[in-house]
file target.pdb (PDB, C-alpha atoms)
ATOM      1  CA  MET Q   1      10.843 -48.387  -7.945
ATOM      2  CA  ILE Q   2       9.350 -45.150  -6.677
ATOM      3  CA  ILE Q   3       8.492 -44.917  -2.983
ATOM      4  CA  TRP Q   4       6.118 -41.987  -2.465
ATOM      5  CA  LEU Q   5       5.862 -40.828   1.148
ATOM      6  CA  ASN Q   6       2.641 -38.892   1.642
ATOM      7  CA  GLY Q   7       1.311 -37.459   4.882
ATOM      8  CA  ALA Q   8       0.361 -34.277   6.674
ATOM      9  CA  PHE Q   9       2.936 -31.534   7.110
ATOM     10  CA  GLY Q  10       4.906 -32.559  10.177
ATOM     11  CA  SER Q  11       4.269 -36.274   9.753
ATOM     12  CA  GLY Q  12       7.979 -37.023   9.295
ATOM     13  CA  LYS Q  13       8.164 -37.518   5.521
ATOM     14  CA  THR Q  14      11.474 -35.729   5.029
ATOM     15  CA  SER Q  15      13.179 -37.383   7.997
ATOM     16  CA  ALA Q  16      11.995 -40.823   6.891
ATOM     17  CA  ALA Q  17      12.948 -40.184   3.258
ATOM     18  CA  PHE Q  18      16.555 -39.237   3.989
ATOM     19  CA  GLU Q  19      16.953 -41.947   6.600
ATOM     20  CA  LEU Q  20      15.700 -44.484   4.056
ATOM     21  CA  ASN Q  21      18.065 -43.012   1.483
ATOM     22  CA  ARG Q  22      20.982 -43.373   3.908
ATOM     23  CA  ARG Q  23      20.147 -47.019   4.635
ATOM     24  CA  LEU Q  24      19.195 -48.058   1.098
ATOM     25  CA  GLU Q  25      21.905 -48.675  -1.464
ATOM     26  CA  ASN Q  26      21.408 -47.102  -4.896
ATOM     27  CA  SER Q  27      18.632 -44.725  -3.890
ATOM     28  CA  PHE Q  28      17.872 -41.047  -4.468
ATOM     29  CA  VAL Q  29      15.553 -38.531  -2.789
ATOM     30  CA  TYR Q  30      13.532 -36.619  -5.373
ATOM     31  CA  ASP Q  31      11.883 -33.454  -4.011
ATOM     32  CA  PRO Q  32       8.858 -32.253  -6.062
ATOM     33  CA  GLU Q  33       8.885 -28.945  -4.172
ATOM     34  CA  ASN Q  34      12.018 -27.912  -6.071
ATOM     35  CA  ILE Q  35       9.924 -27.560  -9.227
ATOM     36  CA  GLY Q  36       7.623 -25.184  -7.351
ATOM     37  CA  TYR Q  37      10.529 -23.065  -6.122
ATOM     38  CA  PHE Q  38      11.943 -22.954  -9.666
ATOM     39  CA  ILE Q  39       8.630 -21.723 -11.073
ATOM     40  CA  ARG Q  40       8.343 -19.046  -8.386
ATOM     41  CA  ARG Q  41      11.889 -17.794  -8.917
ATOM     42  CA  ASN Q  42      11.555 -17.666 -12.691
ATOM     43  CA  ALA Q  43       8.074 -16.235 -13.181
ATOM     44  CA  PRO Q  44       6.177 -13.036 -12.313
ATOM     45  CA  LYS Q  45       5.111 -12.600  -8.689
ATOM     46  CA  VAL Q  46       1.568 -13.641  -9.492
ATOM     47  CA  PHE Q  47       2.880 -17.230  -9.528
ATOM     48  CA  SER Q  48       4.211 -16.920  -5.975
ATOM     49  CA  ARG Q  49       0.725 -16.657  -4.515
ATOM     50  CA  GLY Q  50      -1.048 -19.648  -3.035
ATOM     51  CA  ASP Q  51      -0.032 -23.281  -3.309
ATOM     52  CA  PHE Q  52       2.228 -24.098  -6.244
ATOM     53  CA  GLN Q  53       0.548 -27.491  -6.524
ATOM     54  CA  ASP Q  54      -2.313 -25.540  -8.131
ATOM     55  CA  ILE Q  55      -0.051 -24.658 -11.069
ATOM     56  CA  PRO Q  56      -0.614 -27.277 -13.819
ATOM     57  CA  LEU Q  57       3.024 -26.965 -14.910
ATOM     58  CA  TRP Q  58       4.164 -28.115 -11.449
ATOM     59  CA  ARG Q  59       2.120 -31.292 -11.700
ATOM     60  CA  GLU Q  60       3.037 -32.012 -15.329
ATOM     61  CA  THR Q  61       6.746 -31.385 -14.788
ATOM     62  CA  ASN Q  62       6.926 -33.647 -11.749
ATOM     63  CA  TYR Q  63       5.073 -36.400 -13.584
ATOM     64  CA  LYS Q  64       7.475 -36.172 -16.534
ATOM     65  CA  MET Q  65      10.572 -35.975 -14.331
ATOM     66  CA  LEU Q  66       9.566 -39.025 -12.330
ATOM     67  CA  LYS Q  67       8.607 -40.931 -15.478
ATOM     68  CA  MET Q  68      12.001 -40.159 -17.032
ATOM     69  CA  LEU Q  69      13.943 -41.011 -13.884
ATOM     70  CA  SER Q  70      12.057 -44.271 -13.405
ATOM     71  CA  GLU Q  71      13.006 -45.289 -16.940
ATOM     72  CA  GLN Q  72      16.656 -44.238 -16.813
ATOM     73  CA  TYR Q  73      17.690 -44.673 -13.169
ATOM     74  CA  GLY Q  74      18.113 -48.216 -11.958
ATOM     75  CA  GLY Q  75      17.779 -47.453  -8.266
ATOM     76  CA  THR Q  76      14.989 -46.529  -5.867
ATOM     77  CA  LEU Q  77      13.457 -43.044  -6.027
ATOM     78  CA  ILE Q  78      12.150 -41.731  -2.707
ATOM     79  CA  VAL Q  79       9.592 -38.934  -2.979
ATOM     80  CA  PRO Q  80       8.517 -37.121   0.218
ATOM     81  CA  MET Q  81       5.526 -34.995  -0.784
ATOM     82  CA  THR Q  82       2.114 -34.187   0.648
ATOM     83  CA  LEU Q  83      -0.668 -34.746  -1.899
ATOM     84  CA  VAL Q  84      -4.233 -34.400  -0.626
ATOM     85  CA  ASN Q  85      -6.099 -33.174  -3.707
ATOM     86  CA  PRO Q  86      -7.409 -36.363  -5.373
ATOM     87  CA  ASP Q  87      -7.218 -34.799  -8.846
ATOM     88  CA  TYR Q  88      -3.573 -33.839  -8.357
ATOM     89  CA  TYR Q  89      -2.848 -37.275  -6.913
ATOM     90  CA  ALA Q  90      -4.375 -38.835 -10.036
ATOM     91  CA  GLU Q  91      -2.360 -36.543 -12.332
ATOM     92  CA  ILE Q  92       0.954 -37.660 -10.867
ATOM     93  CA  VAL Q  93       0.733 -40.881  -8.862
ATOM     94  CA  GLY Q  94      -2.224 -42.232 -10.839
ATOM     95  CA  ARG Q  95      -0.605 -41.537 -14.214
ATOM     96  CA  LEU Q  96       2.705 -43.076 -13.189
ATOM     97  CA  THR Q  97       0.936 -46.201 -11.953
ATOM     98  CA  ALA Q  98      -1.144 -46.393 -15.144
ATOM     99  CA  ASP Q  99       2.085 -46.146 -17.140
ATOM    100  CA  GLY Q 100       3.322 -49.283 -15.419
ATOM    101  CA  VAL Q 101       5.905 -47.519 -13.260
ATOM    102  CA  PRO Q 102       6.611 -49.625 -10.124
ATOM    103  CA  LEU Q 103       5.377 -47.287  -7.399
ATOM    104  CA  ARG Q 104       4.545 -47.791  -3.730
ATOM    105  CA  HIS Q 105       2.567 -45.020  -2.069
ATOM    106  CA  PHE Q 106       2.565 -44.759   1.720
ATOM    107  CA  ILE Q 107       0.727 -42.331   3.970
ATOM    108  CA  LEU Q 108       2.696 -41.599   7.135
ATOM    109  CA  TYR Q 109      -0.365 -41.284   9.313
ATOM    110  CA  ALA Q 110      -0.843 -39.800  12.778
ATOM    111  CA  SER Q 111      -3.693 -38.257  14.721
ATOM    112  CA  ARG Q 112      -4.417 -34.540  14.636
ATOM    113  CA  GLY Q 113      -3.150 -34.167  18.190
ATOM    114  CA  GLU Q 114       0.116 -35.978  17.480
ATOM    115  CA  ILE Q 115       0.775 -33.864  14.381
ATOM    116  CA  ARG Q 116       0.169 -30.681  16.388
ATOM    117  CA  ARG Q 117       2.594 -31.950  19.031
ATOM    118  CA  ARG Q 118       5.291 -32.628  16.431
ATOM    119  CA  LEU Q 119       4.806 -29.251  14.793
ATOM    120  CA  LYS Q 120       5.081 -27.548  18.165
ATOM    121  CA  ILE Q 121       8.389 -29.292  18.799
ATOM    122  CA  ARG Q 122       9.599 -28.423  15.312
ATOM    123  CA  SER Q 123       8.704 -24.747  15.689
ATOM    124  CA  LEU Q 124      10.665 -24.546  18.950
ATOM    125  CA  ARG Q 125      13.699 -26.093  17.287
ATOM    126  CA  PHE Q 126      13.848 -23.278  14.776
ATOM    127  CA  ILE Q 127      12.685 -19.698  15.047
ATOM    128  CA  GLY Q 128       9.770 -19.706  12.681
ATOM    129  CA  ARG Q 129       6.046 -20.171  12.388
ATOM    130  CA  GLU Q 130       4.096 -23.277  11.465
ATOM    131  CA  SER Q 131       0.876 -21.478  10.558
ATOM    132  CA  PHE Q 132       0.519 -23.094   7.117
ATOM    133  CA  ALA Q 133       1.297 -26.578   8.428
ATOM    134  CA  VAL Q 134      -1.013 -26.232  11.437
ATOM    135  CA  GLY Q 135      -3.753 -24.792   9.243
ATOM    136  CA  SER Q 136      -3.467 -27.786   6.919
ATOM    137  CA  ILE Q 137      -3.863 -30.497   9.583
ATOM    138  CA  GLU Q 138      -7.626 -30.889   9.226
ATOM    139  CA  ARG Q 139      -7.521 -30.828   5.416
ATOM    140  CA  CYS Q 140      -4.749 -33.444   5.304
ATOM    141  CA  VAL Q 141      -6.118 -35.869   7.880
ATOM    142  CA  THR Q 142      -9.625 -35.654   6.397
ATOM    143  CA  ALA Q 143      -8.244 -36.421   2.923
ATOM    144  CA  PHE Q 144      -6.302 -39.429   4.217
ATOM    145  CA  ASP Q 145      -9.403 -40.688   5.992
ATOM    146  CA  THR Q 146     -11.736 -40.330   3.008
ATOM    147  CA  VAL Q 147     -10.280 -39.899  -0.494
ATOM    148  CA  ILE Q 148      -6.588 -40.871  -0.508
ATOM    149  CA  THR Q 149      -6.458 -43.806   1.843
ATOM    150  CA  GLU Q 150      -3.899 -46.329   0.557
ATOM    151  CA  GLU Q 151      -1.516 -47.451   2.114
ATOM    152  CA  LYS Q 152      -1.193 -46.136   5.691
ATOM    153  CA  ILE Q 153       1.668 -46.576   8.107
ATOM    154  CA  ASP Q 154       0.529 -45.578  11.583
ATOM    155  CA  THR Q 155       3.433 -43.503  12.901
ATOM    156  CA  GLU Q 156       1.757 -42.472  16.159
ATOM    157  CA  HIS Q 157       4.150 -44.530  18.266
ATOM    158  CA  LEU Q 158       6.899 -45.237  15.724
ATOM    159  CA  SER Q 159      10.365 -43.694  15.681
ATOM    160  CA  VAL Q 160      11.963 -42.641  12.388
ATOM    161  CA  ASP Q 161      13.882 -45.919  12.434
ATOM    162  CA  GLY Q 162      10.634 -47.806  12.965
ATOM    163  CA  VAL Q 163       9.004 -46.070  10.013
ATOM    164  CA  VAL Q 164      11.976 -46.842   7.766
ATOM    165  CA  ASP Q 165      12.018 -50.487   8.856
ATOM    166  CA  GLU Q 166       8.304 -50.801   8.080
ATOM    167  CA  ILE Q 167       8.665 -49.243   4.623
ATOM    168  CA  ALA Q 168      11.550 -51.573   3.823
ATOM    169  CA  ARG Q 169       9.561 -54.580   5.031
ATOM    170  CA  LEU Q 170       6.482 -53.685   2.974
ATOM    171  CA  CYS Q 171       8.591 -53.088  -0.140
ATOM    172  CA  GLY Q 172      10.756 -56.157   0.305
ATOM    173  CA  LEU Q 173      13.937 -54.072   0.485
ATOM    174  CA  GLN Q 174      17.145 -54.939   2.299
ATOM    175  CA  LEU Q 175      18.530 -52.077   4.373
ATOM    176  CA  LEU Q 176      22.232 -51.530   4.876
ATOM    177  CA  PRO Q 177      23.544 -52.316   8.367
ATOM    178  CA  GLU Q 178      23.346 -49.384  10.763
ATOM    179  CA  ARG Q 179      26.834 -47.950  11.177
ATOM    180  CA  LYS Q 180      26.087 -44.628  12.873
ATOM    181  CA  THR Q 181      26.072 -44.134  16.612
ATOM    182  CA  ARG Q 182      23.025 -42.604  18.317
ATOM    183  CA  LEU Q 183      24.818 -39.239  18.300
ATOM    184  CA  GLY Q 184      25.763 -39.649  14.658
ATOM    185  CA  LYS Q 185      22.151 -40.318  13.697
ATOM    186  CA  ALA Q 186      20.955 -37.327  15.706
ATOM    187  CA  LEU Q 187      23.451 -35.036  13.973
ATOM    188  CA  PHE Q 188      22.494 -36.431  10.561
ATOM    189  CA  ARG Q 189      18.790 -35.772  11.191
ATOM    190  CA  LEU Q 190      19.483 -32.284  12.516
ATOM    191  CA  LYS Q 191      21.465 -31.532   9.369
ATOM    192  CA  ILE Q 192      18.520 -32.656   7.230
ATOM    193  CA  LEU Q 193      16.123 -30.449   9.205
ATOM    194  CA  ILE Q 194      18.367 -27.414   8.835
ATOM    195  CA  LYS Q 195      18.846 -28.072   5.123
ATOM    196  CA  HIS Q 196      15.071 -28.168   4.618
ATOM    197  CA  ILE Q 197      14.233 -25.255   6.888
ATOM    198  CA  ARG Q 198      12.644 -23.458   3.910
ATOM    199  CA  ARG Q 199       9.703 -25.867   4.266
ATOM    200  CA  PHE Q 200       8.723 -24.279   7.536
TER     201      PHE Q 200
END
call {"tool": "encode", "arguments": {"input": "target.pdb", "output": "structure tokens"}}
result
Amino acid sequence: MIIWLNGAFGSGKTSAAFELNRRLENSFVYDPENIGYFIRRNAPKVFSRGDFQDIPLWRETNYKMLKMLSEQYGGTLIVPMTLVNPDYYAEIVGRLTADGVPLRHFILYASRGEIRRRLKIRSLRFIGRESFAVGSIERCVTAFDTVITEEKIDTEHLSVDGVVDEIARLCGLQLLPERKTRLGKALFRLKILIKHIRRF
């Protein structure tokens, strides 16, 4: 099964993905952004401009990678990735679904104000700017309200644990017992944030 976690930048996709991975036996987090970074590092600078989702090779490669992994990996693939362009969504998620790949797509949804609040907290945690993420709030929320609408999990008042529990419930998955202390979980999540600081 593929579990695709969509949502605005700052909606908690990465935190939820790695928490789900930690609590779900035989699972793997697949990051589509890595294909974009590979293209940028191995192509002329003209390819480093704009959003790498606009590069057809990014979309085709991620589709083929996920198709291959779904056929050869017996576990659960967790994909945290914002997709708001309906054509790009169709090229990856739509094609995989049409191919018969078991795929659940969830939008981690929150209001514009809540996303701004989370991004403000995130920007204080690390020295950096959130201009791209903040500038994308309206585009993302509008898309999730109008063109890419299935299936929403309202995260406005949910913790990361609450989001993970809801995903597991909707997918019929059994989570491993929680063995970390509150401090242990906090350190784990901080480590994930630091590891993915390039997203900021």
call {"tool": "residues_around", "arguments": {"input": "target.pdb", "residues": "Val160 in chain Q", "least_positions_apart": "6", "cutoff": "9 Å", "atoms": "only C-alpha atoms", "output": "number ranges by chain"}}
result
Q: 12, 15-16, 19
call {"tool": "resolve_selection", "arguments": {"input": "target.pdb", "expression": "the PyMOL selection byres ((chain Q and resi 106) around 6)", "output": "list in words"}}
result
Leu5, Asn6, His105, Ile107, Glu151 and Lys152 of chain Q
call {"tool": "atom_distance", "arguments": {"input": "target.pdb", "atom1": "CA of Ala110 in chain Q", "atom2": "CA of Ile148 in chain Q"}}
result
14.5 Å
call {"tool": "residues_around", "arguments": {"input": "target.pdb", "residues": "Ala90 in chain Q", "least_positions_apart": "6", "cutoff": "12 Å", "atoms": "all atoms listed in the file", "output": "ChimeraX atom specification"}}
result
/Q:59-60,63,83-84,96-98,147-148
call {"tool": "residues_around", "arguments": {"input": "target.pdb", "residues": "Ile2 in chain Q", "least_positions_apart": "4", "cutoff": "8 Å", "atoms": "all atoms listed in the file", "output": "number ranges by chain"}}
result
Q: 70, 76-79, 101-104
call {"tool": "resolve_selection", "arguments": {"input": "target.pdb", "expression": "the PyMOL selection byres ((chain Q and resi 117) around 12)", "output": "list in words"}}
result
Phe9, Gly10, Ser11, Ala110, Ser111, Arg112, Gly113, Glu114, Ile115, Arg116, Arg118, Leu119, Lys120, Ile121, Arg122, Ser123, Leu124, Glu130, Ala133, Val134, Ile137 and Glu156 of chain Q
call {"tool": "axis_aligned_box", "arguments": {"input": "target.pdb", "around": "range 145-159 of chain Q", "padding_each_side": "3 Å", "output": "lines of an AutoDock Vina configuration file"}}
result
center_x = -0.7
center_y = -43.7
center_z = 8.9
size_x = 28.1
size_y = 13.6
size_z = 24.8
call {"tool": "resolve_selection", "arguments": {"input": "target.pdb", "expression": "the PyMOL selection byres ((chain Q and resi 33) around 12)", "output": "PyMOL selection string"}}
result
chain Q and resi 14+29-32+34-40+51-53+58-59+61-62+79-83+196+198-199
call {"tool": "write_last_selection", "arguments": {"input": "target.pdb", "atoms": "C-alpha atoms", "output": "PDB file, in the frame of the given file"}}
result
ATOM      1  CA  THR Q  14      11.474 -35.729   5.029  1.00  0.00           C
ATOM      2  CA  VAL Q  29      15.553 -38.531  -2.789  1.00  0.00           C
ATOM      3  CA  TYR Q  30      13.532 -36.619  -5.373  1.00  0.00           C
ATOM      4  CA  ASP Q  31      11.883 -33.454  -4.011  1.00  0.00           C
ATOM      5  CA  PRO Q  32       8.858 -32.253  -6.062  1.00  0.00           C
ATOM      6  CA  ASN Q  34      12.018 -27.912  -6.071  1.00  0.00           C
ATOM      7  CA  ILE Q  35       9.924 -27.560  -9.227  1.00  0.00           C
ATOM      8  CA  GLY Q  36       7.623 -25.184  -7.351  1.00  0.00           C
ATOM      9  CA  TYR Q  37      10.529 -23.065  -6.122  1.00  0.00           C
ATOM     10  CA  PHE Q  38      11.943 -22.954  -9.666  1.00  0.00           C
ATOM     11  CA  ILE Q  39       8.630 -21.723 -11.073  1.00  0.00           C
ATOM     12  CA  ARG Q  40       8.343 -19.046  -8.386  1.00  0.00           C
ATOM     13  CA  ASP Q  51      -0.032 -23.281  -3.309  1.00  0.00           C
ATOM     14  CA  PHE Q  52       2.228 -24.098  -6.244  1.00  0.00           C
ATOM     15  CA  GLN Q  53       0.548 -27.491  -6.524  1.00  0.00           C
ATOM     16  CA  TRP Q  58       4.164 -28.115 -11.449  1.00  0.00           C
ATOM     17  CA  ARG Q  59       2.120 -31.292 -11.700  1.00  0.00           C
ATOM     18  CA  THR Q  61       6.746 -31.385 -14.788  1.00  0.00           C
ATOM     19  CA  ASN Q  62       6.926 -33.647 -11.749  1.00  0.00           C
ATOM     20  CA  VAL Q  79       9.592 -38.934  -2.979  1.00  0.00           C
ATOM     21  CA  PRO Q  80       8.517 -37.121   0.218  1.00  0.00           C
ATOM     22  CA  MET Q  81       5.526 -34.995  -0.784  1.00  0.00           C
ATOM     23  CA  THR Q  82       2.114 -34.187   0.648  1.00  0.00           C
ATOM     24  CA  LEU Q  83      -0.668 -34.746  -1.899  1.00  0.00           C
ATOM     25  CA  HIS Q 196      15.071 -28.168   4.618  1.00  0.00           C
ATOM     26  CA  ARG Q 198      12.644 -23.458   3.910  1.00  0.00           C
ATOM     27  CA  ARG Q 199       9.703 -25.867   4.266  1.00  0.00           C
TER      28      ARG Q 199
END
call {"tool": "atom_distance", "arguments": {"input": "target.pdb", "atom1": "CA of Glu138 in chain Q", "atom2": "CA of Asp154 in chain Q"}}
result
17.0 Å
call {"tool": "atom_distance", "arguments": {"input": "target.pdb", "atom1": "CA of Arg182 in chain Q", "atom2": "CA of Ala8 in chain Q"}}
result
26.8 Å
call {"tool": "closest_residue", "arguments": {"input": "target.pdb", "among": "Q:Asn21, Q:Lys191, Q:Ile55, Q:Asp99", "to": "Met68 in chain Q", "atoms": "all atoms listed in the file"}}
result
Q:Asp99
call {"tool": "residues_around", "arguments": {"input": "target.pdb", "residues": "Asp161 in chain Q", "least_positions_apart": "4", "cutoff": "12 Å", "atoms": "all atoms listed in the file", "output": "VMD selection string"}}
result
chain Q and resid 12 15 to 20 22 to 23 155 157 165 to 168 175 178 182 185 to 186 189
call {"tool": "closest_residue", "arguments": {"input": "target.pdb", "among": "Q:Leu108, Q:Leu176, Q:Cys171, Q:Leu190", "to": "Phe144 in chain Q", "atoms": "all atoms listed in the file"}}
result
Q:Leu108
call {"tool": "closest_residue", "arguments": {"input": "target.pdb", "among": "Q:Thr142, Q:Val163, Q:Leu173, Q:Asn26", "to": "Asn85 in chain Q", "atoms": "all atoms listed in the file"}}
result
Q:Thr142
